[in-house]
file protein-v2.cif (mmCIF, C-alpha atoms)
data_model
#
loop_
_atom_site.label_atom_id
_atom_site.label_comp_id
_atom_site.auth_asym_id
_atom_site.auth_seq_id
_atom_site.Cartn_x
_atom_site.Cartn_y
_atom_site.Cartn_z
CA ASN D 1 -40.65 25.83 -45.21
CA ALA D 2 -38.10 28.38 -46.46
CA GLY D 3 -35.60 27.94 -43.59
CA VAL D 4 -33.01 30.74 -43.48
CA THR D 5 -33.29 33.30 -46.29
CA GLN D 6 -30.56 35.81 -47.08
CA THR D 7 -30.81 38.74 -49.46
CA PRO D 8 -29.21 39.85 -51.65
CA LYS D 9 -27.19 36.94 -53.03
CA PHE D 10 -24.60 39.22 -54.63
CA GLN D 11 -23.65 42.84 -54.01
CA VAL D 12 -20.94 45.21 -55.17
CA LEU D 13 -20.28 48.32 -53.06
CA LYS D 14 -17.94 51.24 -53.35
CA THR D 15 -15.63 52.02 -50.46
CA GLY D 16 -17.45 54.15 -47.91
CA GLN D 17 -20.97 53.08 -48.88
CA SER D 18 -23.31 51.55 -46.34
CA MET D 19 -25.73 48.70 -46.78
CA THR D 20 -27.78 46.10 -44.91
CA LEU D 21 -27.62 42.36 -45.47
CA GLN D 22 -30.96 40.80 -44.70
CA CYS D 23 -31.54 37.52 -42.90
CA ALA D 24 -34.90 35.98 -42.07
CA GLN D 25 -35.85 32.60 -40.66
CA ASP D 26 -39.30 31.06 -40.41
CA MET D 27 -38.51 28.29 -37.92
CA ASN D 28 -39.07 30.35 -34.74
CA HIS D 29 -35.45 29.90 -33.72
CA GLU D 30 -34.19 31.96 -30.81
CA TYR D 31 -30.50 31.88 -31.70
CA MET D 32 -29.16 33.61 -34.81
CA SER D 33 -25.69 34.60 -35.91
CA TRP D 34 -23.65 36.09 -38.74
CA TYR D 35 -20.42 34.62 -40.06
CA ARG D 36 -18.01 35.71 -42.74
CA GLN D 37 -16.16 33.19 -44.89
CA ASP D 38 -12.78 34.08 -46.34
CA PRO D 39 -10.36 31.85 -48.28
CA GLY D 40 -8.04 29.99 -45.94
CA MET D 41 -9.84 31.37 -42.87
CA GLY D 42 -12.94 29.22 -42.55
CA LEU D 43 -15.99 30.87 -40.99
CA ARG D 44 -15.59 33.56 -38.36
CA LEU D 45 -18.37 34.82 -36.11
CA ILE D 46 -19.28 38.50 -36.50
CA HIS D 47 -22.31 38.99 -34.22
CA TYR D 48 -24.91 36.78 -32.63
CA SER D 49 -28.28 37.04 -30.91
CA VAL D 50 -29.94 34.89 -28.27
CA GLY D 51 -33.38 36.36 -28.82
CA ALA D 52 -35.30 39.45 -29.81
CA GLY D 53 -33.69 42.55 -28.35
CA ILE D 54 -30.46 40.79 -27.34
CA THR D 55 -27.26 40.86 -29.41
CA ASP D 56 -23.55 40.46 -28.73
CA GLN D 57 -20.22 40.60 -30.53
CA GLY D 58 -18.38 37.67 -31.97
CA GLU D 59 -14.78 37.29 -33.09
CA VAL D 60 -14.70 39.97 -35.82
CA PRO D 61 -17.38 42.63 -35.07
CA ASN D 62 -15.57 45.81 -36.15
CA GLY D 63 -17.32 47.66 -38.97
CA TYR D 64 -20.63 45.84 -38.51
CA ASN D 65 -23.82 46.52 -36.56
CA VAL D 66 -26.77 44.27 -35.83
CA SER D 67 -30.18 44.52 -34.23
CA ARG D 68 -32.89 41.97 -33.45
CA SER D 69 -36.32 43.57 -33.21
CA THR D 70 -38.18 40.34 -34.04
CA THR D 71 -37.49 36.64 -33.66
CA GLU D 72 -37.55 36.21 -37.45
CA ASP D 73 -35.13 38.89 -38.64
CA PHE D 74 -31.47 39.57 -37.95
CA PRO D 75 -30.04 42.19 -40.36
CA LEU D 76 -26.33 42.95 -40.61
CA ARG D 77 -25.33 46.55 -41.34
CA LEU D 78 -22.08 47.67 -42.88
CA LEU D 79 -21.58 51.24 -41.74
CA SER D 80 -18.83 52.33 -44.15
CA ALA D 81 -17.73 49.55 -46.46
CA ALA D 82 -14.02 48.78 -46.82
CA PRO D 83 -12.23 46.42 -49.24
CA SER D 84 -11.33 44.23 -46.24
CA GLN D 85 -15.03 43.45 -45.91
CA THR D 86 -15.08 41.69 -49.26
CA SER D 87 -16.26 38.23 -48.26
CA VAL D 88 -19.09 35.74 -48.32
CA TYR D 89 -21.52 36.30 -45.44
CA PHE D 90 -23.63 33.56 -43.90
CA CYS D 91 -26.51 33.86 -41.52
CA ALA D 92 -27.34 30.89 -39.28
CA SER D 93 -30.03 30.01 -36.77
CA SER D 94 -30.48 27.34 -34.12
CA PRO D 95 -33.64 26.16 -32.41
CA GLU D 96 -32.18 25.78 -28.93
CA GLY D 97 -30.15 27.76 -26.50
CA VAL D 98 -27.27 25.35 -26.65
CA TRP D 99 -25.56 25.30 -30.01
CA GLY D 100 -24.05 21.91 -29.38
CA SER D 101 -27.30 20.07 -28.88
CA THR D 102 -28.60 20.38 -32.41
CA GLU D 103 -27.70 21.57 -35.84
CA ALA D 104 -27.34 25.12 -37.05
CA PHE D 105 -29.27 26.04 -40.19
CA PHE D 106 -27.46 28.25 -42.68
CA GLY D 107 -28.64 30.57 -45.40
CA GLN D 108 -27.19 30.37 -48.91
CA GLY D 109 -24.89 33.31 -48.35
CA THR D 110 -24.33 36.82 -49.66
CA ARG D 111 -21.23 37.42 -51.77
CA LEU D 112 -20.09 40.99 -51.14
CA THR D 113 -17.40 42.79 -53.10
CA VAL D 114 -16.16 46.20 -51.98
CA VAL D 115 -14.23 48.13 -54.62
CA GLY R 1 -9.55 29.84 -26.75
CA ASP R 2 -11.18 27.06 -28.69
CA SER R 3 -9.74 26.09 -32.05
CA VAL R 4 -10.16 23.51 -34.79
CA THR R 5 -7.41 22.36 -37.15
CA GLN R 6 -8.08 20.43 -40.32
CA MET R 7 -6.20 19.61 -43.50
CA GLU R 8 -6.95 22.30 -46.06
CA GLY R 9 -6.46 20.60 -49.38
CA PRO R 10 -7.54 20.59 -52.03
CA VAL R 11 -7.80 16.84 -51.67
CA THR R 12 -8.23 15.11 -55.02
CA LEU R 13 -9.35 11.47 -55.18
CA SER R 14 -10.67 9.09 -57.77
CA GLU R 15 -14.22 7.78 -57.54
CA GLU R 16 -14.57 4.80 -55.14
CA ALA R 17 -11.40 5.72 -53.24
CA PHE R 18 -11.25 5.75 -49.44
CA LEU R 19 -11.47 9.18 -47.85
CA THR R 20 -10.01 10.50 -44.60
CA ILE R 21 -10.08 14.16 -43.64
CA ASN R 22 -8.25 14.83 -40.40
CA CYS R 23 -9.63 17.15 -37.73
CA THR R 24 -8.18 17.93 -34.32
CA TYR R 25 -9.43 20.40 -31.77
CA THR R 26 -8.42 22.40 -28.71
CA ALA R 27 -11.11 23.16 -26.15
CA THR R 28 -11.81 22.97 -22.46
CA GLY R 29 -14.18 20.34 -21.19
CA TYR R 30 -16.19 18.19 -23.57
CA PRO R 31 -17.31 20.12 -26.62
CA SER R 32 -19.77 18.83 -29.19
CA LEU R 33 -18.18 18.12 -32.57
CA PHE R 34 -19.62 18.50 -36.05
CA TRP R 35 -18.87 18.05 -39.71
CA TYR R 36 -20.61 20.49 -42.04
CA VAL R 37 -20.55 20.26 -45.85
CA GLN R 38 -20.82 23.09 -48.35
CA TYR R 39 -21.73 22.20 -51.92
CA PRO R 40 -20.88 24.71 -54.66
CA GLY R 41 -22.97 27.87 -54.44
CA GLU R 42 -24.81 26.75 -51.32
CA GLY R 43 -24.76 27.34 -47.58
CA LEU R 44 -23.45 24.87 -45.03
CA GLN R 45 -25.39 21.74 -44.13
CA LEU R 46 -24.89 19.50 -41.14
CA LEU R 47 -23.33 16.21 -42.23
CA LEU R 48 -22.91 14.50 -38.86
CA LYS R 49 -22.25 15.22 -35.20
CA ALA R 50 -21.11 13.66 -31.93
CA THR R 51 -21.79 15.10 -28.50
CA LYS R 52 -19.66 12.97 -26.18
CA ALA R 53 -16.47 10.96 -26.16
CA ASP R 54 -16.49 7.69 -28.16
CA ASP R 55 -19.72 8.65 -29.95
CA LYS R 56 -19.74 7.91 -33.67
CA GLY R 57 -21.64 10.20 -35.98
CA SER R 58 -22.69 8.85 -39.37
CA ASN R 59 -24.64 10.01 -42.41
CA LYS R 60 -24.63 9.34 -46.17
CA GLY R 61 -21.81 6.80 -45.78
CA PHE R 62 -19.60 9.24 -43.87
CA GLU R 63 -18.45 8.48 -40.32
CA ALA R 64 -16.49 10.24 -37.60
CA THR R 65 -15.67 9.13 -34.05
CA TYR R 66 -15.19 11.54 -31.15
CA ARG R 67 -11.76 10.67 -29.69
CA LYS R 68 -11.16 12.52 -26.44
CA GLU R 69 -7.73 11.00 -25.86
CA THR R 70 -6.40 12.32 -29.18
CA THR R 71 -8.77 15.35 -29.38
CA SER R 72 -9.73 14.27 -32.89
CA PHE R 73 -12.83 13.86 -35.05
CA HIS R 74 -11.58 12.52 -38.38
CA LEU R 75 -14.06 12.17 -41.23
CA GLU R 76 -14.04 8.93 -43.24
CA LYS R 77 -15.91 7.38 -46.14
CA GLY R 78 -15.20 4.01 -47.66
CA SER R 79 -16.04 4.78 -51.29
CA VAL R 80 -16.42 8.36 -52.47
CA GLN R 81 -18.56 9.52 -55.38
CA VAL R 82 -18.27 12.50 -57.70
CA SER R 83 -21.29 13.98 -55.90
CA ASP R 84 -19.23 14.16 -52.69
CA SER R 85 -17.14 16.97 -54.18
CA ALA R 86 -17.59 19.87 -51.78
CA VAL R 87 -15.91 21.80 -48.97
CA TYR R 88 -16.00 20.05 -45.59
CA PHE R 89 -15.80 21.96 -42.31
CA CYS R 90 -15.02 20.51 -38.91
CA ALA R 91 -16.55 22.53 -36.07
CA LEU R 92 -17.08 22.49 -32.33
CA ALA R 93 -19.53 23.95 -29.87
CA ARG R 94 -18.24 24.71 -26.40
CA ALA R 95 -18.96 22.38 -23.55
CA GLY R 96 -22.03 23.45 -21.65
CA GLY R 97 -23.36 25.22 -24.64
CA GLY R 98 -22.75 28.75 -25.58
CA ALA R 99 -24.72 31.35 -27.38
CA ASP R 100 -21.68 32.48 -29.28
CA GLY R 101 -22.02 29.84 -31.92
CA LEU R 102 -19.63 27.38 -33.48
CA THR R 103 -15.86 27.41 -33.94
CA PHE R 104 -14.93 26.24 -37.43
CA GLY R 105 -11.82 24.85 -39.04
CA LYS R 106 -10.63 26.43 -42.28
CA GLY R 107 -12.38 23.88 -44.47
CA THR R 108 -11.12 21.09 -46.75
CA HIS R 109 -11.90 21.27 -50.44
CA LEU R 110 -12.57 17.74 -51.73
CA ILE R 111 -12.49 17.00 -55.44
CA ILE R 112 -13.60 13.58 -56.70
CA GLN R 113 -12.65 12.68 -60.25
CA PRO R 114 -14.61 10.12 -62.29
#
call {"tool": "encode", "arguments": {"input": "protein-v2.cif", "output": "structure tokens"}}
result
Amino acid sequence: NAGVTQTPKFQVLKTGQSMTLQCAQDMNHEYMSWYRQDPGMGLRLIHYSVGAGITDQGEVPNGYNVSRSTTEDFPLRLLSAAPSQTSVYFCASSPEGVWGSTEAFFGQGTRLTVV
Amino acid sequence: GDSVTQMEGPVTLSEEAFLTINCTYTATGYPSLFWYVQYPGEGLQLLLKATKADDKGSNKGFEATYRKETTSFHLEKGSVQVSDSAVYFCALARAGGGADGLTFGKGTHLIIQP
């Protein structure tokens, strides 16, 4: 059971480039989300999804797009990378519709540097 | 809005010392409370949780009690080991659930010296 898989693990982009961070889970979880982790800031929610075809914005959505065409996959797109998007990105999933009732499962993260 | 405040550290202790990491929260209603741990180079893992007032979550020798009157969820361990070195995050999920995920504190970096 792979759990939540993120690719790539590391990425360096030039300012203005676009890219997609991949996230896949094999646990048939309905709820998925993307967080960014910055020093001294903890984790902040970027976008989330409550099921295939349904997405919504979190706390810091600007500069990012998401889509959810299948239950398994929840890619995060950077449209035009900026140095402020240098961060560690985590994807998470949850098996139930209520985050508080059970644990969230996290991927190992993608460390992104924008130069 | 909801928020979580925790001591940021780094917190440096000797092996077998007693550990307390403070966590307080601001939220409406009765949120669920969590401690997540992040070991070097890894994602976050659930350490323990409590879903209602006075509940005590425990795992791997760690404990935390949900205190509604002080809006706190302090993490404790009686005797820490070098392997406990990690970043610890306090988090909450809104009362009644919520698809918009968890609210995290800034994390506490714990360093245990042999």
call {"tool": "atom_distance", "arguments": {"input": "protein-v2.cif", "atom1": "atom CA of Leu76 of chain D", "atom2": "atom CA of Cys23 of chain D"}}
result
7.9 Å
call {"tool": "resolve_selection", "arguments": {"input": "protein-v2.cif", "expression": "the PyMOL selection byres ((chain D) within 9 of (chain R))", "output": "PyMOL selection string"}}
result
chain D and resi 31-33+38-45+47-50+56-58+90+97-109
call {"tool": "residues_around", "arguments": {"input": "protein-v2.cif", "residues": "Tyr89 of chain D", "least_positions_apart": "4", "cutoff": "7 Å", "atoms": "only C-alpha atoms", "output": "number ranges by chain"}}
result
D: 35-37, 109-111
call {"tool": "residues_around", "arguments": {"input": "protein-v2.cif", "residues": "Gln17 of chain D", "least_positions_apart": "5", "cutoff": "8 Å", "atoms": "all atoms listed in the file", "output": "PyMOL selection string"}}
result
chain D and resi 79-81
call {"tool": "closest_residue", "arguments": {"input": "protein-v2.cif", "among": "R:Ala86, R:Leu75, R:Ile111, R:Ala27", "to": "Tyr39 of chain R", "atoms": "all atoms listed in the file"}}
result
R:Ala86
call {"tool": "atom_distance", "arguments": {"input": "protein-v2.cif", "atom1": "atom CA of Asp54 of chain R", "atom2": "atom CA of Tyr30 of chain R"}}
result
11.5 Å
call {"tool": "residues_around", "arguments": {"input": "protein-v2.cif", "residues": "Ser14 of chain R", "least_positions_apart": "2", "cutoff": "12 Å", "atoms": "all atoms listed in the file", "output": "list in words"}}
result
Val11, Thr12, Glu16, Ala17, Phe18, Leu19, Ser79, Val80, Gln81, Val82, Ser83, Asp84, Ser85, Leu110, Ile111, Ile112, Gln113 and Pro114 of chain R
call {"tool": "decode", "arguments": {"input": "protein-v2.cif", "residues": "chain R", "atoms": "C-alpha atoms", "output": "mmCIF file, in the first residue's frame"}}
result
data_model
loop_
_atom_site.group_PDB
_atom_site.id
_atom_site.type_symbol
_atom_site.label_atom_id
_atom_site.label_comp_id
_atom_site.auth_asym_id
_atom_site.auth_seq_id
_atom_site.Cartn_x
_atom_site.Cartn_y
_atom_site.Cartn_z
ATOM 1 C CA GLY R 1 -10.768 32.577 12.111
ATOM 2 C CA ASP R 2 -9.279 29.493 13.669
ATOM 3 C CA SER R 3 -5.678 29.596 14.841
ATOM 4 C CA VAL R 4 -3.126 27.485 16.684
ATOM 5 C CA THR R 5 -0.210 28.851 18.702
ATOM 6 C CA GLN R 6 2.711 26.721 19.802
ATOM 7 C CA MET R 7 6.232 27.314 21.054
ATOM 8 C CA GLU R 8 8.567 27.362 18.069
ATOM 9 C CA GLY R 9 11.895 26.321 19.480
ATOM 10 C CA PRO R 10 14.230 24.830 18.739
ATOM 11 C CA VAL R 11 13.795 22.966 21.994
ATOM 12 C CA THR R 12 16.940 21.109 23.020
ATOM 13 C CA LEU R 13 16.807 18.450 25.736
ATOM 14 C CA SER R 14 19.004 15.679 27.007
ATOM 15 C CA GLU R 15 17.951 12.058 26.615
ATOM 16 C CA GLU R 16 15.516 10.892 29.352
ATOM 17 C CA ALA R 17 14.409 14.448 30.134
ATOM 18 C CA PHE R 18 10.744 15.386 30.551
ATOM 19 C CA LEU R 19 9.168 17.090 27.554
ATOM 20 C CA THR R 20 6.359 19.633 27.354
ATOM 21 C CA ILE R 21 5.431 21.447 24.159
ATOM 22 C CA ASN R 22 2.702 24.008 24.701
ATOM 23 C CA CYS R 23 -0.189 24.429 22.283
ATOM 24 C CA THR R 24 -3.175 26.754 22.573
ATOM 25 C CA TYR R 25 -5.925 27.331 20.070
ATOM 26 C CA THR R 26 -8.649 29.750 19.046
ATOM 27 C CA ALA R 27 -11.755 28.300 17.426
ATOM 28 C CA THR R 28 -15.510 28.381 17.649
ATOM 29 C CA GLY R 29 -17.313 25.399 19.053
ATOM 30 C CA TYR R 30 -15.476 22.182 19.837
ATOM 31 C CA PRO R 31 -12.750 21.461 17.322
ATOM 32 C CA SER R 32 -10.825 18.202 17.117
ATOM 33 C CA LEU R 33 -7.179 18.547 18.124
ATOM 34 C CA PHE R 34 -4.122 16.758 16.797
ATOM 35 C CA TRP R 35 -0.391 16.431 17.175
ATOM 36 C CA TYR R 36 1.497 15.556 13.997
ATOM 37 C CA VAL R 37 5.209 14.707 13.850
ATOM 38 C CA GLN R 38 7.603 15.248 10.959
ATOM 39 C CA TYR R 39 10.861 13.306 10.996
ATOM 40 C CA PRO R 40 13.741 14.623 8.871
ATOM 41 C CA GLY R 41 13.071 14.297 5.150
ATOM 42 C CA GLU R 42 9.601 12.850 5.640
ATOM 43 C CA GLY R 43 5.976 13.940 5.506
ATOM 44 C CA LEU R 44 3.781 14.480 8.538
ATOM 45 C CA GLN R 45 2.434 11.555 10.542
ATOM 46 C CA LEU R 46 -0.378 11.594 13.062
ATOM 47 C CA LEU R 47 1.019 11.213 16.573
ATOM 48 C CA LEU R 48 -2.181 11.496 18.609
ATOM 49 C CA LYS R 49 -5.575 13.158 18.623
ATOM 50 C CA ALA R 50 -8.506 14.120 20.846
ATOM 51 C CA THR R 51 -11.989 14.894 19.600
ATOM 52 C CA LYS R 52 -13.771 16.248 22.680
ATOM 53 C CA ALA R 53 -13.077 18.096 25.891
ATOM 54 C CA ASP R 54 -11.151 16.174 28.592
ATOM 55 C CA ASP R 55 -10.154 13.444 26.117
ATOM 56 C CA LYS R 56 -6.547 12.310 26.405
ATOM 57 C CA GLY R 57 -4.717 11.233 23.290
ATOM 58 C CA SER R 58 -1.666 9.001 23.685
ATOM 59 C CA ASN R 59 0.845 7.208 21.486
ATOM 60 C CA LYS R 60 4.508 6.127 21.719
ATOM 61 C CA GLY R 61 4.758 7.494 25.268
ATOM 62 C CA PHE R 62 3.425 10.918 24.270
ATOM 63 C CA GLU R 63 0.232 12.304 25.814
ATOM 64 C CA ALA R 64 -1.956 15.371 25.392
ATOM 65 C CA THR R 65 -5.226 16.310 27.088
ATOM 66 C CA TYR R 66 -7.923 18.436 25.448
ATOM 67 C CA ARG R 67 -8.559 21.305 27.894
ATOM 68 C CA LYS R 68 -11.569 23.345 26.835
ATOM 69 C CA GLU R 69 -11.346 25.740 29.781
ATOM 70 C CA THR R 70 -7.799 26.806 28.865
ATOM 71 C CA THR R 71 -8.129 26.094 25.096
ATOM 72 C CA SER R 72 -4.951 24.037 25.285
ATOM 73 C CA PHE R 73 -3.562 20.713 24.052
ATOM 74 C CA HIS R 74 -0.043 20.497 25.469
ATOM 75 C CA LEU R 75 2.155 17.592 24.395
ATOM 76 C CA GLU R 76 4.096 15.713 27.093
ATOM 77 C CA LYS R 77 6.473 12.790 27.348
ATOM 78 C CA GLY R 78 8.090 11.540 30.513
ATOM 79 C CA SER R 79 11.429 10.416 29.092
ATOM 80 C CA VAL R 80 12.515 11.472 25.622
ATOM 81 C CA GLN R 81 14.871 9.548 23.350
ATOM 82 C CA VAL R 82 17.214 10.672 20.593
ATOM 83 C CA SER R 83 14.778 9.108 18.110
ATOM 84 C CA ASP R 84 12.124 11.646 19.188
ATOM 85 C CA SER R 85 14.083 14.423 17.476
ATOM 86 C CA ALA R 86 11.658 15.856 14.928
ATOM 87 C CA VAL R 87 9.327 18.774 14.235
ATOM 88 C CA TYR R 88 6.006 18.602 16.087
ATOM 89 C CA PHE R 89 2.875 20.334 14.809
ATOM 90 C CA CYS R 90 -0.261 21.051 16.780
ATOM 91 C CA ALA R 91 -3.362 21.242 14.581
ATOM 92 C CA LEU R 92 -7.122 21.548 14.752
ATOM 93 C CA ALA R 93 -10.080 20.605 12.600
ATOM 94 C CA ARG R 94 -13.146 22.789 12.846
ATOM 95 C CA ALA R 95 -16.104 21.703 14.880
ATOM 96 C CA GLY R 96 -18.649 19.929 12.746
ATOM 97 C CA GLY R 97 -16.040 18.961 10.285
ATOM 98 C CA GLY R 98 -14.955 20.911 7.320
ATOM 99 C CA ALA R 99 -13.638 20.010 3.947
ATOM 100 C CA ASP R 100 -11.083 22.760 4.109
ATOM 101 C CA GLY R 101 -8.612 20.712 6.044
ATOM 102 C CA LEU R 102 -6.560 21.338 9.149
ATOM 103 C CA THR R 103 -5.245 24.515 10.753
ATOM 104 C CA PHE R 104 -1.640 24.059 11.867
ATOM 105 C CA GLY R 105 0.631 25.772 14.332
ATOM 106 C CA LYS R 106 4.069 26.855 13.132
ATOM 107 C CA GLY R 107 5.783 23.720 14.410
ATOM 108 C CA THR R 108 8.269 23.057 17.224
ATOM 109 C CA HIS R 109 11.681 21.697 16.356
ATOM 110 C CA LEU R 110 12.750 19.237 19.068
ATOM 111 C CA ILE R 111 16.376 18.197 19.390
ATOM 112 C CA ILE R 112 17.320 15.413 21.812
ATOM 113 C CA GLN R 113 20.989 15.083 22.683
ATOM 114 C CA PRO R 114 22.509 11.795 23.893
#
